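Student: Input query33.txt, format and content: compact mmCIF, C-alpha atoms.
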```txt
# COMPACT_ATOMS: atom_id res chain seq x y z
CA MET L 21 -27.58 8.72 21.39
CA PRO L 22 -23.97 7.50 21.77
CA PRO L 23 -22.18 6.84 18.45
CA TYR L 24 -21.57 3.13 19.23
CA PRO L 25 -24.42 1.82 21.41
CA GLY L 26 -24.23 -1.60 23.02
CA PHE L 27 -21.86 -4.05 21.34
CA ILE L 28 -21.51 -2.00 18.13
CA GLY L 29 -18.01 -0.58 18.12
CA PRO L 30 -14.46 -0.86 16.85
CA SER L 31 -11.66 -3.22 17.85
CA ASN L 32 -10.00 -1.90 21.00
CA THR L 33 -8.29 -4.51 23.14
CA LEU L 34 -6.13 -2.81 25.76
CA ARG L 35 -3.27 -4.10 27.87
CA SER L 36 -5.76 -4.66 30.69
CA ARG L 37 -8.64 -6.89 29.56
CA ASN L 38 -10.59 -5.64 32.58
CA VAL L 39 -10.75 -2.23 30.92
CA ASN L 40 -11.54 -3.23 27.33
CA ALA L 41 -11.29 -6.48 25.37
CA GLU L 42 -13.40 -5.63 22.31
CA ARG L 43 -12.50 -7.13 18.94
CA THR L 44 -14.44 -6.40 15.78
CA ILE L 45 -13.29 -8.93 13.19
CA ASN L 46 -14.66 -9.00 9.62
CA TRP L 47 -17.22 -6.29 10.41
CA TYR L 48 -16.94 -2.51 10.34
CA VAL L 49 -18.98 0.30 11.87
CA GLU L 50 -21.18 2.48 9.69
CA ALA L 51 -23.37 5.40 10.75
CA ALA L 52 -27.02 4.83 9.83
CA GLY L 53 -27.24 8.35 8.43
CA PRO L 54 -30.04 10.92 8.23
CA GLY L 55 -33.77 10.31 8.50
CA ALA L 56 -35.27 8.22 11.27
CA PRO L 57 -33.14 5.06 11.47
CA LYS L 58 -33.83 2.56 14.24
CA VAL L 59 -30.21 2.76 15.36
CA ALA L 60 -27.46 5.37 15.10
CA SER L 61 -24.94 2.90 13.73
CA TRP L 62 -24.65 -0.72 12.66
CA LEU L 63 -22.04 -3.35 11.84
CA VAL L 64 -21.45 -4.00 8.14
CA PRO L 65 -19.90 -7.32 7.07
CA THR L 66 -16.57 -6.83 5.33
CA PRO L 67 -16.36 -7.78 1.63
CA GLY L 68 -16.09 -11.40 0.63
CA VAL L 69 -13.70 -12.66 -2.02
CA ARG L 70 -13.75 -15.07 -4.94
CA PRO L 71 -10.97 -16.00 -7.35
CA PHE L 72 -10.87 -14.00 -10.58
CA VAL L 73 -7.68 -15.51 -12.00
CA VAL L 74 -4.88 -17.62 -10.58
CA LEU L 75 -1.36 -16.79 -11.77
CA ASP L 76 1.13 -19.60 -12.20
CA ASN L 77 3.55 -17.69 -9.94
CA GLY L 78 2.90 -16.25 -6.51
CA PRO L 79 2.56 -14.51 -4.21
CA VAL L 80 0.96 -11.51 -5.91
CA ARG L 81 3.46 -8.73 -5.17
CA GLY L 82 1.87 -5.86 -7.06
CA LEU L 83 -1.31 -4.84 -8.89
CA PHE L 84 -1.88 -1.88 -11.22
CA ALA L 85 -4.73 -0.76 -13.45
CA GLN L 86 -5.18 2.24 -15.72
CA ASP L 87 -7.19 3.11 -18.82
CA GLY L 88 -8.85 -0.29 -19.10
CA ARG L 89 -5.71 -2.41 -18.66
CA MET L 90 -4.64 -4.38 -15.59
CA PHE L 91 -1.22 -5.76 -14.65
CA ALA L 92 0.11 -7.94 -11.87
CA VAL L 93 3.50 -9.02 -10.60
CA GLY L 94 3.26 -12.58 -9.33
CA GLY L 95 6.38 -14.33 -8.10
CA SER L 96 9.01 -13.59 -10.73
CA SER L 97 6.68 -12.72 -13.63
CA LEU L 98 4.77 -9.74 -14.98
CA TYR L 99 1.25 -10.55 -16.17
CA GLU L 100 -1.49 -8.71 -17.98
CA VAL L 101 -4.94 -9.61 -16.67
CA PHE L 102 -8.05 -9.38 -18.85
CA ALA L 103 -11.75 -8.97 -18.09
CA SER L 104 -12.33 -12.42 -19.63
CA HIS L 105 -10.63 -14.07 -16.60
CA THR L 106 -7.51 -14.79 -18.63
CA VAL L 107 -3.89 -13.72 -18.27
CA ILE L 108 -0.79 -13.37 -20.42
CA ASN L 109 2.71 -13.72 -19.00
CA ARG L 110 4.43 -10.60 -20.35
CA GLY L 111 7.93 -11.32 -19.04
CA THR L 112 10.25 -11.73 -16.07
CA ALA L 113 10.61 -9.51 -12.99
CA LEU L 114 13.21 -10.68 -10.49
CA ALA L 115 11.60 -11.73 -7.21
CA ASP L 116 12.86 -11.14 -3.69
CA GLY L 117 9.65 -11.72 -1.72
CA ARG L 118 9.09 -7.99 -1.19
CA PRO L 119 6.35 -5.92 -2.85
CA ALA L 120 6.85 -4.79 -6.44
CA THR L 121 5.96 -1.22 -7.40
CA ILE L 122 4.31 -0.25 -10.69
CA ALA L 123 4.01 3.32 -11.99
CA SER L 124 2.82 4.72 -15.31
CA ASN L 125 3.86 7.79 -17.32
CA GLY L 126 0.45 7.82 -19.02
CA ALA L 127 -0.52 8.37 -22.60
CA ASN L 128 2.38 10.80 -23.14
CA GLY L 129 4.96 8.12 -22.39
CA GLY L 130 3.12 4.83 -22.92
CA GLN L 131 5.27 3.03 -20.34
CA LEU L 132 5.11 1.27 -17.00
CA PHE L 133 8.06 1.44 -14.61
CA ILE L 134 8.27 -1.69 -12.49
CA THR L 135 10.64 -2.24 -9.59
CA SER L 136 11.15 -5.79 -8.39
CA GLY L 137 14.02 -7.67 -6.79
CA GLY L 138 16.25 -4.59 -6.71
CA LEU L 139 15.95 -3.97 -10.45
CA GLY L 140 13.95 -1.61 -12.63
CA TYR L 141 11.99 -2.64 -15.72
CA ILE L 142 10.19 -0.72 -18.44
CA TYR L 143 7.07 -2.20 -19.99
CA SER L 144 5.97 -0.65 -23.28
CA LEU L 145 2.20 -0.29 -23.46
CA VAL L 146 2.60 0.05 -27.24
CA THR L 147 4.71 -3.01 -28.07
CA ASP L 148 3.74 -5.09 -25.00
CA THR L 149 7.37 -5.90 -24.19
CA VAL L 150 9.25 -5.67 -20.91
CA ALA L 151 13.00 -5.18 -20.45
CA PRO L 152 15.38 -4.35 -17.59
CA VAL L 153 16.56 -0.77 -17.46
CA THR L 154 19.63 0.78 -15.83
CA THR L 155 18.39 3.48 -13.46
CA ASN L 156 21.78 4.17 -11.85
CA ALA L 157 20.00 3.53 -8.54
CA GLU L 158 20.62 -0.20 -8.25
CA PRO L 159 19.65 -1.95 -6.06
CA VAL L 160 16.32 -0.18 -6.50
CA GLN L 161 14.13 -0.04 -3.40
CA MET L 162 10.96 1.25 -5.10
CA GLY L 163 9.74 3.54 -7.86
CA ALA L 164 7.22 6.31 -8.51
CA PHE L 165 6.07 8.80 -11.15
CA SER L 166 5.76 12.56 -10.81
CA ASP L 167 5.46 15.42 -13.31
CA GLY L 168 6.57 13.35 -16.30
CA TYR L 169 9.51 11.65 -14.59
CA PHE L 170 9.95 8.14 -13.24
CA ILE L 171 11.80 8.16 -9.93
CA ALA L 172 13.90 5.30 -8.52
CA LEU L 173 14.90 5.17 -4.84
CA LYS L 174 18.22 3.41 -4.27
CA ALA L 175 18.15 0.88 -1.44
CA ASN L 176 20.34 1.40 1.61
CA SER L 177 21.14 4.97 0.64
CA ASN L 178 19.75 8.49 0.68
CA GLN L 179 19.81 8.72 -3.12
CA PHE L 180 17.16 8.78 -5.82
CA ASN L 181 17.45 9.12 -9.59
CA ILE L 182 15.05 10.37 -12.24
CA SER L 183 14.44 9.31 -15.82
CA THR L 184 14.33 11.46 -18.90
CA LEU L 185 11.03 13.28 -19.28
CA TYR L 186 8.38 10.76 -20.38
CA ASP L 187 10.96 8.12 -21.27
CA GLY L 188 11.81 5.49 -18.69
CA THR L 189 14.38 3.82 -20.94
CA VAL L 190 16.84 6.72 -20.50
CA TRP L 191 18.35 7.60 -17.12
CA ASP L 192 21.11 10.19 -17.09
CA PRO L 193 23.74 9.21 -14.48
CA LEU L 194 24.01 12.90 -13.59
CA ASP L 195 20.32 13.08 -12.58
CA VAL L 196 21.12 11.90 -9.08
CA TYR L 197 19.59 13.49 -5.98
CA GLN L 198 21.02 13.15 -2.50
CA VAL L 199 18.99 13.68 0.64
CA SER L 200 21.51 15.44 2.84
CA THR L 201 19.39 17.38 5.33
CA VAL L 202 19.01 14.36 7.62
CA ALA L 203 21.35 11.59 8.75
CA ASP L 204 18.95 8.64 8.91
CA GLN L 205 18.46 6.35 5.92
CA VAL L 206 15.60 6.96 3.48
CA VAL L 207 13.48 3.80 3.22
CA THR L 208 10.31 4.92 1.43
CA LEU L 209 9.53 6.98 -1.67
CA VAL L 210 5.93 7.89 -2.40
CA GLU L 211 4.28 10.55 -4.58
CA SER L 212 1.36 12.54 -3.18
CA HIS L 213 -0.13 15.71 -4.68
CA ARG L 214 2.90 16.07 -7.00
CA ASP L 215 5.19 16.04 -3.95
CA LEU L 216 7.80 13.37 -3.35
CA TRP L 217 7.72 12.12 0.23
CA LEU L 218 11.03 10.60 1.30
CA LEU L 219 10.42 8.78 4.56
CA GLY L 220 13.49 7.87 6.55
CA SER L 221 13.85 5.53 9.48
CA GLN L 222 13.47 8.46 11.91
CA THR L 223 12.72 11.63 9.93
CA SER L 224 11.23 12.59 6.58
CA SER L 225 11.52 15.30 3.94
CA VAL L 226 9.28 16.39 1.09
CA TRP L 227 10.54 17.40 -2.35
CA SER L 228 8.77 19.10 -5.25
CA ASN L 229 9.33 20.01 -8.88
CA THR L 230 10.69 23.55 -8.87
CA GLY L 231 10.85 23.91 -12.66
CA ASP L 232 14.63 24.24 -12.56
CA ALA L 233 16.08 22.66 -15.70
CA ASP L 234 19.21 21.37 -13.96
CA THR L 235 17.82 20.39 -10.56
CA VAL L 236 14.22 19.41 -11.23
CA PHE L 237 13.33 18.23 -7.73
CA GLN L 238 14.35 20.10 -4.61
CA PRO L 239 13.38 19.84 -0.94
CA ILE L 240 10.56 22.12 0.12
CA ALA L 241 12.09 24.84 2.26
CA GLY L 242 11.27 24.61 5.94
CA VAL L 243 9.70 21.14 5.76
CA LYS L 244 11.49 18.65 8.00
CA ILE L 245 9.29 16.01 9.58
CA ASP L 246 10.45 14.43 12.82
CA GLN L 247 8.68 11.19 12.03
CA GLY L 248 9.88 8.42 9.77
CA SER L 249 8.66 5.04 8.61
CA GLY L 250 8.71 1.81 10.58
CA ALA L 251 7.96 -0.29 7.48
CA ALA L 252 9.19 0.67 4.02
CA PHE L 253 6.13 -0.60 2.16
CA SER L 254 3.46 0.59 4.58
CA ALA L 255 2.88 3.99 2.95
CA VAL L 256 -0.34 4.44 0.95
CA THR L 257 -1.93 7.45 -0.72
CA LEU L 258 -5.62 7.39 0.22
CA ASP L 259 -8.39 9.94 0.63
CA ASN L 260 -6.18 12.75 -0.73
CA THR L 261 -3.36 12.22 1.72
CA LEU L 262 -0.69 9.79 2.93
CA TYR L 263 -0.98 6.99 5.50
CA TRP L 264 1.92 4.98 6.93
CA LEU L 265 3.29 3.03 9.89
CA GLY L 266 5.64 5.44 11.59
CA GLY L 267 8.77 5.37 13.66
CA ASN L 268 11.38 7.78 14.97
CA ALA L 269 14.19 8.05 17.52
CA GLN L 270 11.71 7.90 20.41
CA GLY L 271 9.84 4.77 19.29
CA ASP L 272 7.70 3.23 16.58
CA ARG L 273 4.52 1.20 15.83
CA VAL L 274 2.23 4.21 15.54
CA VAL L 275 0.13 4.77 12.41
CA TYR L 276 0.00 8.27 10.95
CA ARG L 277 -1.79 10.24 8.28
CA ALA L 278 -0.39 13.41 6.75
CA ASN L 279 -2.27 16.58 7.64
CA GLY L 280 -0.49 18.87 5.23
CA TYR L 281 3.13 18.20 6.14
CA THR L 282 2.31 17.31 9.74
CA PRO L 283 1.99 13.66 10.82
CA GLU L 284 -1.28 13.06 12.66
CA ARG L 285 -1.60 9.96 14.83
CA ILE L 286 -4.57 7.80 13.83
CA SER L 287 -3.78 4.56 15.63
CA ASP L 288 -5.28 4.17 19.11
CA HIS L 289 -3.82 2.45 22.15
CA GLY L 290 -5.53 -0.81 21.24
CA VAL L 291 -3.92 -0.93 17.79
CA GLU L 292 -0.56 0.12 19.21
CA TYR L 293 -0.75 -2.55 21.91
CA ALA L 294 -1.52 -5.20 19.26
CA LEU L 295 1.39 -4.06 17.07
CA ASP L 296 3.69 -4.08 20.08
CA GLN L 297 3.00 -7.79 20.62
CA VAL L 298 4.40 -8.66 17.17
CA PRO L 299 8.12 -9.53 17.04
CA ARG L 300 8.65 -7.60 13.79
CA VAL L 301 6.70 -4.95 11.88
CA SER L 302 9.36 -3.75 9.43
CA ASP L 303 7.91 -6.08 6.77
CA ALA L 304 4.38 -4.68 7.12
CA ILE L 305 2.61 -3.85 3.85
CA GLY L 306 -0.02 -1.15 3.48
CA TRP L 307 -2.76 -1.06 0.85
CA GLY L 308 -5.93 0.93 0.52
CA TYR L 309 -9.23 1.18 -1.31
CA GLN L 310 -12.56 2.99 -1.13
CA GLN L 311 -16.01 1.47 -1.36
CA GLU L 312 -19.48 2.93 -0.73
CA GLY L 313 -18.11 6.07 0.86
CA HIS L 314 -15.60 4.33 3.12
CA ALA L 315 -11.87 4.71 2.50
CA PHE L 316 -9.92 1.88 4.15
CA TYR L 317 -6.23 1.83 5.05
CA CYS L 318 -5.26 -1.84 5.42
CA LEU L 319 -2.10 -2.83 7.27
CA TYR L 320 -0.93 -6.39 6.65
CA VAL L 321 1.67 -7.45 9.21
CA PRO L 322 2.89 -10.97 8.34
CA LEU L 323 3.54 -12.02 11.95
CA ALA L 324 0.26 -10.61 13.31
CA GLN L 325 -2.95 -12.59 13.77
CA THR L 326 -5.08 -10.21 11.73
CA THR L 327 -4.93 -7.38 9.21
CA TRP L 328 -5.65 -4.04 10.87
CA VAL L 329 -7.95 -1.69 8.94
CA TYR L 330 -8.61 2.01 9.54
CA ASP L 331 -11.89 3.43 8.24
CA VAL L 332 -11.44 7.07 7.27
CA ALA L 333 -15.21 7.68 7.33
CA THR L 334 -15.65 6.72 10.99
CA ARG L 335 -12.03 7.16 12.14
CA VAL L 336 -12.00 3.83 13.94
CA TRP L 337 -10.29 0.47 13.44
CA HIS L 338 -11.44 -3.05 12.80
CA GLU L 339 -9.72 -6.32 11.95
CA ARG L 340 -9.93 -8.60 8.93
CA ALA L 341 -8.84 -12.19 9.20
CA ILE L 342 -9.21 -15.81 8.12
CA TRP L 343 -10.18 -18.45 10.66
CA ASP L 344 -7.81 -21.43 10.65
CA SER L 345 -10.13 -24.28 11.68
CA VAL L 346 -7.24 -26.75 11.94
CA HIS L 347 -5.08 -24.80 14.40
CA LEU L 348 -8.03 -22.79 15.81
CA ARG L 349 -6.51 -19.38 15.30
CA TRP L 350 -6.89 -16.22 13.25
CA LEU L 351 -4.63 -15.47 10.30
CA PRO L 352 -4.26 -12.17 8.39
CA HIS L 353 -6.61 -11.43 5.51
CA TYR L 354 -5.66 -12.70 2.05
CA GLY L 355 -4.88 -9.28 0.56
CA ARG L 356 -1.55 -7.47 0.29
CA CYS L 357 -2.19 -5.20 -2.73
CA HIS L 358 -5.20 -3.74 -4.56
CA CYS L 359 -6.42 -2.16 -7.77
CA VAL L 360 -9.69 -1.31 -9.49
CA ALA L 361 -10.28 -2.59 -13.03
CA PHE L 362 -13.24 -3.63 -15.20
CA GLY L 363 -15.59 -2.04 -12.65
CA LYS L 364 -14.40 -4.36 -9.86
CA HIS L 365 -12.10 -4.27 -6.83
CA PHE L 366 -9.22 -6.75 -6.92
CA ILE L 367 -6.72 -7.89 -4.29
CA GLY L 368 -3.57 -9.96 -4.67
CA ASP L 369 -3.08 -12.97 -2.43
CA ARG L 370 -0.26 -12.72 0.13
CA SER L 371 0.72 -16.38 -0.21
CA SER L 372 -0.42 -17.64 -3.63
CA GLY L 373 -0.89 -16.51 -7.21
CA ALA L 374 -4.61 -15.85 -6.74
CA ILE L 375 -6.16 -12.52 -7.66
CA TYR L 376 -9.52 -12.17 -5.95
CA GLU L 377 -12.53 -10.01 -6.66
CA LEU L 378 -13.39 -8.13 -3.47
CA SER L 379 -17.12 -7.40 -3.19
CA LEU L 380 -19.71 -6.48 -0.56
CA ASP L 381 -22.15 -8.64 -2.51
CA LEU L 382 -20.15 -11.76 -1.58
CA ALA L 383 -21.27 -13.12 1.76
CA SER L 384 -18.21 -15.33 2.29
CA ASP L 385 -14.71 -16.08 1.09
CA ASP L 386 -15.01 -18.48 -1.83
CA VAL L 387 -11.48 -19.86 -1.99
CA ALA L 388 -12.30 -23.57 -2.15
CA VAL L 389 -11.06 -23.61 -5.74
CA LEU L 390 -7.56 -22.91 -4.41
CA ALA L 391 -7.53 -25.74 -1.88
```
Transcribe the structure of this file into structure tokens.
Tutor:
Amino acid sequence: MPPYPGFIGPSNTLRSRNVNAERTINWYVEAAGPGAPKVASWLVPTPGVRPFVVLDNGPVRGLFAQDGRMFAVGGSSLYEVFASHTVINRGTALADGRPATIASNGANGGQLFITSGGLGYIYSLVTDTVAPVTTNAEPVQMGAFSDGYFIALKANSNQFNISTLYDGTVWDPLDVYQVSTVADQVVTLVESHRDLWLLGSQTSSVWSNTGDADTVFQPIAGVKIDQGSGAAFSAVTLDNTLYWLGGNAQGDRVVYRANGYTPERISDHGVEYALDQVPRVSDAIGWGYQQEGHAFYCLYVPLAQTTWVYDVATRVWHERAIWDSVHLRWLPHYGRCHCVAFGKHFIGDRSSGAIYELSLDLASDDVAVLA
């Protein structure tokens, strides 16, 4: 039996509609599994949403949860979100419309490192206070945590800095690292399997902690990746590897996953054709989550009609979107960031201060309260 009989299949609209014009919007393919099912596969409705809390600042530019606590950056503020559907404004985080990054140094450090609006902030999980911190990497593009160190990538440069071990309030100006093996500009910093991936506009390198007391992080010998990033905030760690929207000297608008240190193309011609119709993809935002055995890489492109979603379980794509009944058109899904807290999936709204619960038990999008 073919894997996708009849009309059950992924989105795959090609340049010629005579060849293929399929679109699967707000449904995804799932194999029926072992036993004696009536069909080999079926279409599962994508999760519905309902408001959990609404922040007084938006959009929601970052979500983070760990050890029973949940935090959000909405507009120009940092919030703590509670299971009781309440929030506390914990302080200010300069806004620039771009995603904020949030990283933790765990119980050993008791801190969150937040990057927002080109600045770095340290939030103490002990005193519940937030304050700007000088990372010596201003303007800060984004941050991460690896092996006890917070890392700050400096925007418009090939430089990153590291904090003191388990203390994000101290950044030695001598702890500066320069990516010098490539000429293109580093735009993305992301940690995966204790490695630091530094994605440039055309090429990428991977660094690791060598244990050297003076030069903690060094590039992994022999690893030079001839594929960069086409959108700085598209990279997501999911299903034990890295996913991102790629680009290099030959072209862009191809989605990759890391197979070891080798980029593996996962977008198909239908996805690539759709991305090629969008005037700009550099502001695309990636986010991911896993639910009932499916790991989803979600690519929100602000100027696209829909959010493109790759299902790792089936290795095919579908679309998620909102129907605009006034202008009779599709708009991208609400989400632009995600976290799991209090036993629930949460997404942050791309255009408001709403944080939604994302659940397969919700048959529709209950956002009337926000109208």
Student: Considering all atoms listed in the file, state which residue in the set L:Gln311, L:Asn268, L:Ser200, L:Ser177 is at the smallest distance from Gln222 in chain L.
Tutor: L:Asn268
Student: Find the distance between CA of Ser228 in chain L and CA of Thr189 in chain L and write it in Å to one decimal.
Tutor: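 Interatomic distance here is 22.6 Å.
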Student: Just give me the residues with any atom within 10 Å of (-14.7, 2.9, 2.3), file coordinates, counting all atoms listed in the file, written as an NGL selection string.
Tutor: :L and (48 or 50 or 259 or 308-317 or 330-334)
Student: Which polymer residues have any atom within 10 Å of an atom of range 382-388 of chain L, counting only C-alpha atoms, with same-chain residues fewer than 4 positions away left out, as a count of residues only?
Tutor: 13
Student: Between L:Ala103, L:Ala175, L:Val59, L:Val321, which one has atoms that come closest to Phe72 in chain L, using only C-alpha atoms?
Tutor: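 For Phe72 in chain L, the nearest of the candidates is L:Ala103.
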Student: Rounded to one decimal in Å, what is the spacing between CA of Pro283 in chain L and CA of Ala255 in chain L?
Tutor: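 Taking CA of Pro283 in chain L as the start and CA of Ala255 in chain L as the end point, the length is 12.5 Å.
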